[in-house]
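Next up, structure.cif (mmCIF, C-alpha atoms and all ligand atoms):
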data_start
loop_
_atom_site.label_atom_id
_atom_site.label_comp_id
_atom_site.auth_asym_id
_atom_site.auth_seq_id
_atom_site.Cartn_x
_atom_site.Cartn_y
_atom_site.Cartn_z
CA MET A 277 5.00 25.00 -3.12
CA SER A 278 2.21 23.91 -0.80
CA PHE A 279 1.82 20.26 0.05
CA GLN A 280 -0.42 18.03 2.06
CA LEU A 281 1.17 16.13 4.89
CA ARG A 282 -0.30 13.14 6.63
CA VAL A 283 2.01 12.68 9.60
CA TYR A 284 0.67 10.92 12.66
CA VAL A 285 2.46 11.13 16.02
CA PRO A 286 0.49 8.73 18.23
CA ASP A 287 -0.05 10.00 21.75
CA HIS A 288 0.80 6.77 23.55
CA PRO A 289 2.82 6.35 26.77
CA LEU A 290 4.63 3.25 25.50
CA ILE A 291 5.78 5.07 22.38
CA LYS A 292 6.98 8.02 24.46
CA HIS A 293 8.76 5.74 26.90
CA TRP A 294 10.66 3.74 24.29
CA LEU A 295 11.54 6.91 22.38
CA ALA A 296 13.12 8.33 25.55
CA VAL A 297 15.13 5.12 25.99
CA ALA A 298 16.26 5.23 22.36
CA ARG A 299 17.27 8.89 22.52
CA ASP A 300 19.37 8.48 25.69
CA LYS A 301 23.04 8.29 24.72
CA ASN A 302 23.71 6.13 27.81
CA THR A 303 21.35 3.37 26.64
CA PRO A 304 23.42 0.25 25.86
CA ASN A 305 23.12 -1.26 22.37
CA ALA A 306 21.04 -4.27 23.49
CA LEU A 307 18.46 -2.05 25.21
CA PHE A 308 18.48 0.33 22.24
CA LYS A 309 17.55 -2.63 20.00
CA THR A 310 14.73 -3.52 22.41
CA ALA A 311 13.47 0.08 22.27
CA MET A 312 13.45 -0.01 18.47
CA THR A 313 11.61 -3.34 18.45
CA GLU A 314 8.95 -1.90 20.76
CA LEU A 315 8.67 1.29 18.70
CA GLY A 316 8.31 -0.88 15.58
CA ARG A 317 5.54 -2.82 17.29
CA TRP A 318 3.46 0.10 18.60
CA LEU A 319 3.90 2.33 15.57
CA THR A 320 2.92 -0.57 13.29
CA TYR A 321 -0.13 -1.13 15.48
CA GLU A 322 -1.14 2.50 14.92
CA ALA A 323 -0.27 2.42 11.21
CA SER A 324 -2.29 -0.72 10.55
CA ARG A 325 -5.57 0.80 11.70
CA HIS A 326 -7.74 1.47 8.60
CA TRP A 327 -4.97 -0.09 6.45
CA LEU A 328 -5.34 -3.81 6.97
CA VAL A 329 -8.22 -5.24 4.96
CA THR A 330 -10.75 -7.32 6.84
CA ALA A 331 -13.41 -9.82 5.78
CA GLU A 332 -16.63 -10.74 7.50
CA THR A 333 -16.98 -14.38 8.42
CA GLU A 334 -18.67 -16.67 10.89
CA VAL A 335 -17.13 -18.75 13.67
CA GLU A 336 -18.64 -21.09 16.20
CA THR A 337 -17.93 -20.39 19.83
CA PRO A 338 -18.33 -23.33 22.23
CA LEU A 339 -21.89 -22.05 22.71
CA ALA A 340 -23.22 -20.75 19.39
CA PRO A 341 -22.40 -19.52 15.89
CA CYS A 342 -21.31 -15.92 15.80
CA SER A 343 -20.34 -13.39 13.12
CA ALA A 344 -16.72 -12.31 13.19
CA THR A 345 -14.20 -10.08 11.42
CA MET A 346 -10.81 -11.39 10.32
CA ILE A 347 -7.85 -10.14 8.31
CA ASN A 348 -8.56 -10.84 4.64
CA PRO A 349 -5.89 -13.32 3.53
CA GLN A 350 -6.49 -12.46 -0.16
CA VAL A 351 -4.82 -9.06 0.24
CA ASN A 352 -1.03 -9.22 0.32
CA ILE A 353 0.90 -7.36 2.98
CA GLY A 354 4.47 -6.30 2.26
CA VAL A 355 6.96 -4.91 4.75
CA VAL A 356 10.03 -3.12 3.40
CA PRO A 357 12.82 -2.53 5.92
CA ILE A 358 15.42 -0.10 4.59
CA LEU A 359 18.76 -1.60 5.64
CA ARG A 360 20.45 -1.28 7.91
CA ALA A 361 18.53 0.78 10.42
CA GLY A 362 15.06 -0.29 9.26
CA LEU A 363 15.86 -3.87 10.32
CA SER A 364 15.73 -2.72 13.94
CA LEU A 365 11.96 -2.10 13.59
CA LEU A 366 11.21 -5.35 11.79
CA ASP A 367 10.81 -7.76 14.73
CA GLY A 368 8.14 -5.55 16.29
CA ALA A 369 6.30 -5.06 13.00
CA GLN A 370 6.40 -8.78 12.19
CA THR A 371 4.84 -9.83 15.48
CA LEU A 372 1.72 -7.92 14.38
CA LEU A 373 1.89 -8.91 10.71
CA PRO A 374 3.04 -12.54 10.82
CA LEU A 375 1.79 -13.29 7.30
CA CYS A 376 3.60 -10.39 5.65
CA SER A 377 6.22 -10.78 2.94
CA VAL A 378 9.46 -8.99 3.82
CA TYR A 379 11.26 -7.23 0.96
CA HIS A 380 14.70 -6.02 2.00
CA VAL A 381 16.17 -2.92 0.41
CA GLY A 382 19.75 -1.99 1.29
CA LEU A 383 20.85 1.60 0.90
CA GLU A 384 24.02 3.25 2.06
CA ARG A 385 24.69 6.90 2.36
CA ASN A 386 27.68 8.61 0.79
CA GLU A 387 28.87 10.65 3.77
CA GLU A 388 30.15 13.45 1.51
CA THR A 389 27.20 13.98 -0.84
CA LEU A 390 24.66 12.51 1.67
CA ASN A 391 23.05 10.77 -1.36
CA PRO A 392 21.96 7.13 -1.02
CA SER A 393 23.05 4.31 -3.27
CA CYS A 394 21.31 0.93 -3.46
CA TYR A 395 23.33 -2.24 -2.80
CA LEU A 396 20.40 -4.69 -2.31
CA ASN A 397 16.91 -4.72 -3.83
CA LYS A 398 14.61 -7.68 -3.08
CA LEU A 399 11.44 -5.96 -4.36
CA PRO A 400 9.33 -7.97 -6.83
CA GLU A 401 9.11 -6.66 -10.41
CA LYS A 402 5.37 -6.04 -9.96
CA PHE A 403 3.11 -5.74 -6.91
CA ASP A 404 -0.57 -6.59 -6.99
CA PRO A 405 -2.22 -3.12 -6.91
CA GLU A 406 -4.21 -4.05 -3.77
CA THR A 407 -1.04 -4.86 -1.78
CA ARG A 408 -0.63 -3.00 1.49
CA VAL A 409 2.99 -1.92 1.95
CA LEU A 410 4.66 -0.73 5.15
CA VAL A 411 8.12 0.85 4.84
CA LEU A 412 10.37 0.80 7.91
CA GLU A 413 12.84 3.71 8.06
CA PRO A 414 13.58 4.92 11.61
CA MET A 415 15.22 8.22 10.67
CA LEU A 416 13.48 10.42 8.08
CA ALA A 417 16.22 13.02 7.73
CA THR A 418 17.21 14.44 4.32
CA GLY A 419 14.60 12.25 2.61
CA GLY A 420 17.05 10.80 0.07
CA SER A 421 16.63 7.13 1.07
CA ILE A 422 12.89 7.12 1.57
CA MET A 423 12.26 8.92 -1.72
CA MET A 424 14.39 6.38 -3.58
CA VAL A 425 12.40 3.50 -2.06
CA LEU A 426 8.99 5.13 -2.58
CA GLU A 427 9.81 5.69 -6.22
CA GLU A 428 10.81 2.03 -6.66
CA LEU A 429 7.61 0.88 -4.94
CA THR A 430 5.22 3.04 -6.94
CA ARG A 431 7.04 2.21 -10.19
CA ARG A 432 6.38 -1.45 -9.37
CA GLY A 433 2.65 -0.89 -8.96
CA VAL A 434 2.15 -0.04 -5.27
CA ASN A 435 -0.77 2.36 -4.80
CA PRO A 436 0.44 5.31 -2.61
CA GLU A 437 -2.96 5.21 -0.88
CA PHE A 438 -1.99 1.79 0.53
CA LEU A 439 1.52 2.84 1.57
CA ARG A 440 2.49 3.56 5.17
CA VAL A 441 5.88 4.64 6.50
CA VAL A 442 6.91 3.86 10.06
CA SER A 443 9.71 6.02 11.39
CA VAL A 444 10.96 6.89 14.87
CA VAL A 445 12.18 10.46 14.40
CA ALA A 446 11.24 12.51 11.34
CA ALA A 447 12.52 15.92 10.22
CA PRO A 448 11.04 18.60 7.95
CA PRO A 449 13.24 18.09 4.83
CA ALA A 450 12.11 14.46 4.45
CA LEU A 451 8.51 15.23 5.35
CA LYS A 452 8.37 18.03 2.80
CA GLN A 453 9.62 15.81 -0.03
CA ILE A 454 7.22 13.02 0.83
CA GLY A 455 4.28 15.41 1.18
CA GLU A 456 5.01 17.09 -2.15
CA ASN A 457 5.34 13.83 -4.07
CA TYR A 458 3.00 11.43 -2.26
CA PRO A 459 0.19 13.44 -0.67
CA GLN A 460 -1.89 10.28 -0.11
CA LEU A 461 0.78 8.49 1.89
CA ARG A 462 0.66 8.35 5.69
CA ILE A 463 3.66 8.52 7.99
CA TYR A 464 3.63 7.23 11.56
CA THR A 465 6.46 8.52 13.72
CA ALA A 466 7.22 8.80 17.43
CA PHE A 467 8.39 12.42 17.07
CA VAL A 468 9.12 15.24 14.62
CA ASP A 469 12.40 17.04 15.35
CA GLU A 470 13.00 20.41 13.73
CA GLU A 471 16.62 20.33 12.63
CA LEU A 472 19.36 18.51 10.75
CA ASN A 473 23.04 19.19 11.31
CA ASP A 474 25.50 19.75 8.47
CA ARG A 475 26.12 15.97 8.25
CA GLY A 476 22.42 15.29 7.68
CA TYR A 477 21.81 13.92 11.19
CA ILE A 478 18.61 14.79 12.99
CA VAL A 479 19.11 17.02 16.05
CA PRO A 480 18.47 16.08 18.82
CA GLY A 481 17.44 12.82 17.08
CA LEU A 482 19.01 9.69 18.52
CA GLY A 483 22.32 9.44 16.68
CA ASP A 484 23.08 6.77 14.12
CA ALA A 485 20.22 4.28 14.47
CA GLY A 486 21.99 1.48 12.57
CA ASP A 487 25.23 1.79 14.56
CA ARG A 488 23.36 1.84 17.85
CA ALA A 489 21.05 -1.07 17.02
CA PHE A 490 23.80 -3.32 15.75
CA GLY A 491 26.74 -2.09 17.84
CA THR A 492 29.00 -1.60 14.82
N1 LIG U 1 20.35 8.33 9.95
C1 LIG U 1 20.52 8.11 11.27
O1 LIG U 1 20.79 6.98 11.69
N2 LIG U 1 20.39 9.15 12.10
C2 LIG U 1 20.11 10.40 11.68
O2 LIG U 1 20.00 11.30 12.50
C3 LIG U 1 19.94 10.61 10.29
C4 LIG U 1 20.06 9.55 9.45
#
For the file at hand, write its structure as structure tokens.
Amino acid sequence: MSFQLRVYVPDHPLIKHWLAVARDKNTPNALFKTAMTELGRWLTYEASRHWLVTAETEVETPLAPCSATMINPQVNIGVVPILRAGLSLLDGAQTLLPLCSVYHVGLERNEETLNPSCYLNKLPEKFDPETRVLVLEPMLATGGSIMMVLEELTRRGVNPEFLRVVSVVAAPPALKQIGENYPQLRIYTAFVDEELNDRGYIVPGLGDAGDRAFGT
């Protein structure tokens, strides 16, 4: 089956730098968390271009009135970190989107079947159809978790056109599923790795993002 894929890998030295820090197995947990925060910040910056809604207004400088463009406060912004690992990107994303609502979704992976199950869902029953939603999932591997969350979001009224996913390392199985089911959606990632191992981990990837960010 053919599918359209909108994957953006921003060519930015800060993104490359923090990805290298995150991939390095010798990076201590505290620095790994810093790297994820920075990746969350710069990838959100890229993802928010042409996604945030602006409004024209007028301000007065100390010298004269002047036309200006501001973020339109009428349009809701939702950020959905997929726990646990997605939390590591949240601080960076929130510094750029201070007015966002954060909707936590907690998924855990059955290590035998690799299928996710949901233990926490803070999504509202219904989203306003204009809401811009950013999903934070650092590792797009098998695609099981992200597909579960995307289905919940669209079922609750989120327009896929207004959905963005921020990840750190993405792999073909997840990208294929997203592309086949949500061709309008855009993914922003620091890198696309080619392979998964038989435990569903991305290779070379960066290991278990949740364990490394939280030291547990
Ligand atoms: N989750 C992780 O934390 N790492 C992977 O490589 C895949 C899923």
Compile the contact shell of range 457-462 of chain A as a compact mmCIF listing (two decimals) with C-alpha atoms, keeping the file's coordinate frame: residues with an atom at most 7 Å away, counting all atoms listed in the file, same-chain residues fewer than 3 positions apart removed.
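Result file is part14.txt:
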# COMPACT_ATOMS: atom_id res chain seq x y z
CA GLN A 280 -0.42 18.03 2.06
CA LEU A 281 1.17 16.13 4.89
CA ARG A 282 -0.30 13.14 6.63
CA VAL A 283 2.01 12.68 9.60
CA PRO A 436 0.44 5.31 -2.61
CA GLU A 437 -2.96 5.21 -0.88
CA LEU A 439 1.52 2.84 1.57
CA ARG A 440 2.49 3.56 5.17
CA VAL A 441 5.88 4.64 6.50
CA GLN A 453 9.62 15.81 -0.03
CA ILE A 454 7.22 13.02 0.83
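A distance search around ligand LIG 1 (chain U) (8 Å at most, only C-alpha atoms and all ligand atoms) returns the following protein and nucleic acid residues: Ala361, Pro414, Met415, Leu416, Ala417, Thr418, Leu472, Gly476, Tyr477, Ile478, Val479, Gly481, Leu482, Gly483, Asp484, Ala485, Gly486 and Asp487 of chain A.
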Worksheet item: Using only C-alpha atoms, what residues lie at most 12 Å away from (25.4, 5.1, -1.7) (file coordinates), given as number ranges by chain?
Response: A: 359, 382-396, 420-421, 424
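For Phe490 in chain A, the set of protein, DNA and RNA residues having any atom at most 12 Å away, when counting only C-alpha atoms and skipping those fewer than 5 positions along the same chain, is A:Pro304, A:Asn305, A:Ala306, A:Leu307, A:Phe308, A:Lys309, A:Thr310, A:Met312, A:Leu359, A:Arg360, A:Ala361, A:Gly362, A:Leu363, A:Ser364, A:Asp484, A:Ala485.
From CA of Ala446 in chain A back to CA of Ala466 in chain A, the distance works out to 8.2 Å.
Going from CA of Pro374 in chain A over to CA of Gly354 in chain A, you cover 10.7 Å.
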Practice prompt. Could you tell me how far CA of Glu332 in chain A lies from CA of Gly368 in chain A, in Å and to one decimal?
Written response: 26.8 Å
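Comparing the minimum interatomic distances between Glu413 in chain A and each of A:Leu373, A:Ile353, A:Val378, A:Leu366, counting all atoms listed in the file, we find that A:Leu366 sits nearest.
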